[in-house]
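Heads up, the thing below is written out as structure tokens.
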Amino acid sequence: MDNLVTFSITVFTAFFAITNPISNMTVFLSLTHGADVKTKHDINKRSNLIAFIIVAVFVLLGKYIFELFNISIPAFKITGGILIFFIGFDMLQSKTSNVKTIDNVNIDENIAVSPLAIPILAGPGTIVTAMNFVANVETIHIFLVIAIFGSMSLLTYFTFRLSNWIVKIVGNNVISVIGKIMGLIIAIIGTGMIIQGIKISFNLIT
């Protein structure tokens, strides 16, 4: 039981850092600028639902994907770790994607699919993180990862829904600081994955 609790905390922390609901809240506000309340609500709901489905599919089919493409666990951990590290590094450098801003009042609700669901909420970093946690584990861990990401999707949904209020209370500077802290955590997670992959490759895990 203790191992499951530790595993759950680790997964939640990783997902919280990689999805970063507070930072992505400003992305949501930018993309939906000028939209009415109902449109914002629909985009919010669709984007989080689609992101959850995408990650859940990769978690459930991760083992078969590994087998289909003959991907080894060490190779995945090392490559995924490098990818996640650079995502965190970019966040520390305050680099943002050009797809995160829009000034057109005529909102296209397809932004719920792209760029919100993909790649902002369920991008490569999120998928790699999820698949890393279900590589070579028992079934209960797989369902725990899905449940935890589901809770993260709900948290993101409510964060987006309260986004205007949160920005007014917290302020953009604090949100920027939180983004940098999350970037540091993501970089550390990526480094940990690389170390794990190297240890497995050379049978250094005891």
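Every chain in the structure tokens has a letter given in the order shown (A, B, ...), and although residue numbers restart at 1 in each chain, ligands are simply numbered from 1 in the order shown.
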
### Task
Please identify all polymer residues within 9 Å of A:Ile118, counting only C-alpha atoms, omitting same-chain residues fewer than 6 positions from it, and present them as a list of chain:residue names.
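Within the cut-off, the hits are A:Ser47, A:Ile50, A:Ala51, A:Ile54, A:Ala112, A:Pro124.
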
Atoms kept (all heavy atoms) for selection, written as an mmCIF file, in the first residue's frame:
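As written to disk, again_9.cif reads:
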data_model
loop_
_atom_site.group_PDB
_atom_site.id
_atom_site.type_symbol
_atom_site.label_atom_id
_atom_site.label_comp_id
_atom_site.auth_asym_id
_atom_site.auth_seq_id
_atom_site.Cartn_x
_atom_site.Cartn_y
_atom_site.Cartn_z
ATOM 1 N N SER A 47 -11.765 20.258 -24.724
ATOM 2 C CA SER A 47 -10.308 20.138 -24.750
ATOM 3 C C SER A 47 -9.807 19.193 -23.665
ATOM 4 O O SER A 47 -8.932 18.346 -23.911
ATOM 5 C CB SER A 47 -9.645 21.512 -24.594
ATOM 6 O OG SER A 47 -9.983 22.102 -23.354
ATOM 7 N N ILE A 50 -10.916 15.501 -24.532
ATOM 8 C CA ILE A 50 -10.100 14.938 -25.612
ATOM 9 C C ILE A 50 -8.692 14.615 -25.110
ATOM 10 O O ILE A 50 -8.134 13.559 -25.428
ATOM 11 C CB ILE A 50 -10.049 15.910 -26.803
ATOM 12 C CG1 ILE A 50 -11.423 16.020 -27.458
ATOM 13 C CG2 ILE A 50 -9.008 15.458 -27.832
ATOM 14 C CD1 ILE A 50 -11.544 17.146 -28.468
ATOM 15 N N ALA A 51 -8.130 15.512 -24.306
ATOM 16 C CA ALA A 51 -6.790 15.278 -23.760
ATOM 17 C C ALA A 51 -6.773 14.017 -22.894
ATOM 18 O O ALA A 51 -5.841 13.201 -22.979
ATOM 19 C CB ALA A 51 -6.332 16.487 -22.941
ATOM 20 N N ILE A 54 -6.943 10.866 -25.129
ATOM 21 C CA ILE A 54 -5.668 10.632 -25.811
ATOM 22 C C ILE A 54 -4.662 9.963 -24.866
ATOM 23 O O ILE A 54 -4.039 8.948 -25.206
ATOM 24 C CB ILE A 54 -5.091 11.951 -26.358
ATOM 25 C CG1 ILE A 54 -5.949 12.457 -27.521
ATOM 26 C CG2 ILE A 54 -3.632 11.768 -26.802
ATOM 27 C CD1 ILE A 54 -5.605 13.858 -27.961
ATOM 28 N N ALA A 112 -10.336 23.675 -29.425
ATOM 29 C CA ALA A 112 -10.438 22.722 -28.318
ATOM 30 C C ALA A 112 -9.622 21.474 -28.619
ATOM 31 O O ALA A 112 -9.048 20.852 -27.717
ATOM 32 C CB ALA A 112 -11.903 22.341 -28.065
ATOM 33 N N PRO A 124 3.495 15.805 -26.434
ATOM 34 C CA PRO A 124 4.486 14.729 -26.332
ATOM 35 C C PRO A 124 4.996 14.511 -24.910
ATOM 36 O O PRO A 124 5.171 13.378 -24.477
ATOM 37 C CB PRO A 124 5.615 15.223 -27.250
ATOM 38 C CG PRO A 124 4.945 16.129 -28.216
ATOM 39 C CD PRO A 124 3.849 16.806 -27.450
#

### Task
Identify, on the basis of only C-alpha atoms, every residue whose closest approach to stretch 153-160 of chain A does not exceed 8 Å; exclude the query and any residue fewer than 4 positions from it along the same chain; express the result as a VMD selection string.
chain A and resid 21 to 22 25 28 to 29 44 to 45 48 to 49 51 to 52 149

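If you measure from each of A:Asn173, A:Thr191, A:Gln196, A:Asn203 to A:Ser23 using only C-alpha atoms, the closest one turns out to be A:Asn173.
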
### Message
I'd like the interatomic distance between atom CA of A:Ile178 and atom CA of A:Ile43, to a tenth of an Å.
### Response
24.3 Å

### Query
Using only C-alpha atoms, which of A:Glu109, A:Thr26, A:Ala56, A:Thr126 sits nearest A:Val174?
A:Thr26

### Task
Using only C-alpha atoms, pick whichever of A:Phe12, A:Arg46, A:Val170, A:Ile82 has the shortest atom-to-atom distance to A:Ala117.
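Residue with the minimum atom-to-atom distance to A:Ala117: A:Arg46.
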
### Task
Using DSSP on the backbone, list every residue of stretch 21-194 of chain A that comes out as alpha helix (DSSP H), and give them as a ChimeraX atom specification.
/A:21-31,37-68,73-92,124-133,139-161,163-170,172-194

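In this structure, atom CA of A:Gly34 sits 28.7 Å away from atom CA of A:Asp90.
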
### Query
Mind pulling up the distance from atom CA of A:Ile73 to atom CA of A:Asn3?
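Computing the Euclidean distance for atom CA of A:Asn3 and atom CA of A:Ile73 yields 21.0 Å.
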
### All residues 12 Å or closer to A:Gly62, only C-alpha atoms, same chain fewer than 2 positions away omitted, as a PyMOL selection string
chain A and resi 54-60+64-73+76+127-137+142

### Query
Do you know which residues are at most 8 Å from A:Asn20 counting only C-alpha atoms, after dropping those on the same chain fewer than 5 positions away, and could you put them as a list in words?
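In the requested format, the answer is Phe15, Gly179 and Met182 of chain A.
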
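Distance check against A:Met152 using only C-alpha atoms: of A:Ile195, A:Lys63, A:Trp165, A:Leu121, the minimum falls on A:Leu121.
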
### Task
Find the residues around A:Phe86 up to 10 Å (only C-alpha atoms counted), leave out those fewer than 2 positions away in its own chain, and share them as a PyMOL selection string.
chain A and resi 81-84+88-92+125+183+186-187+190-191
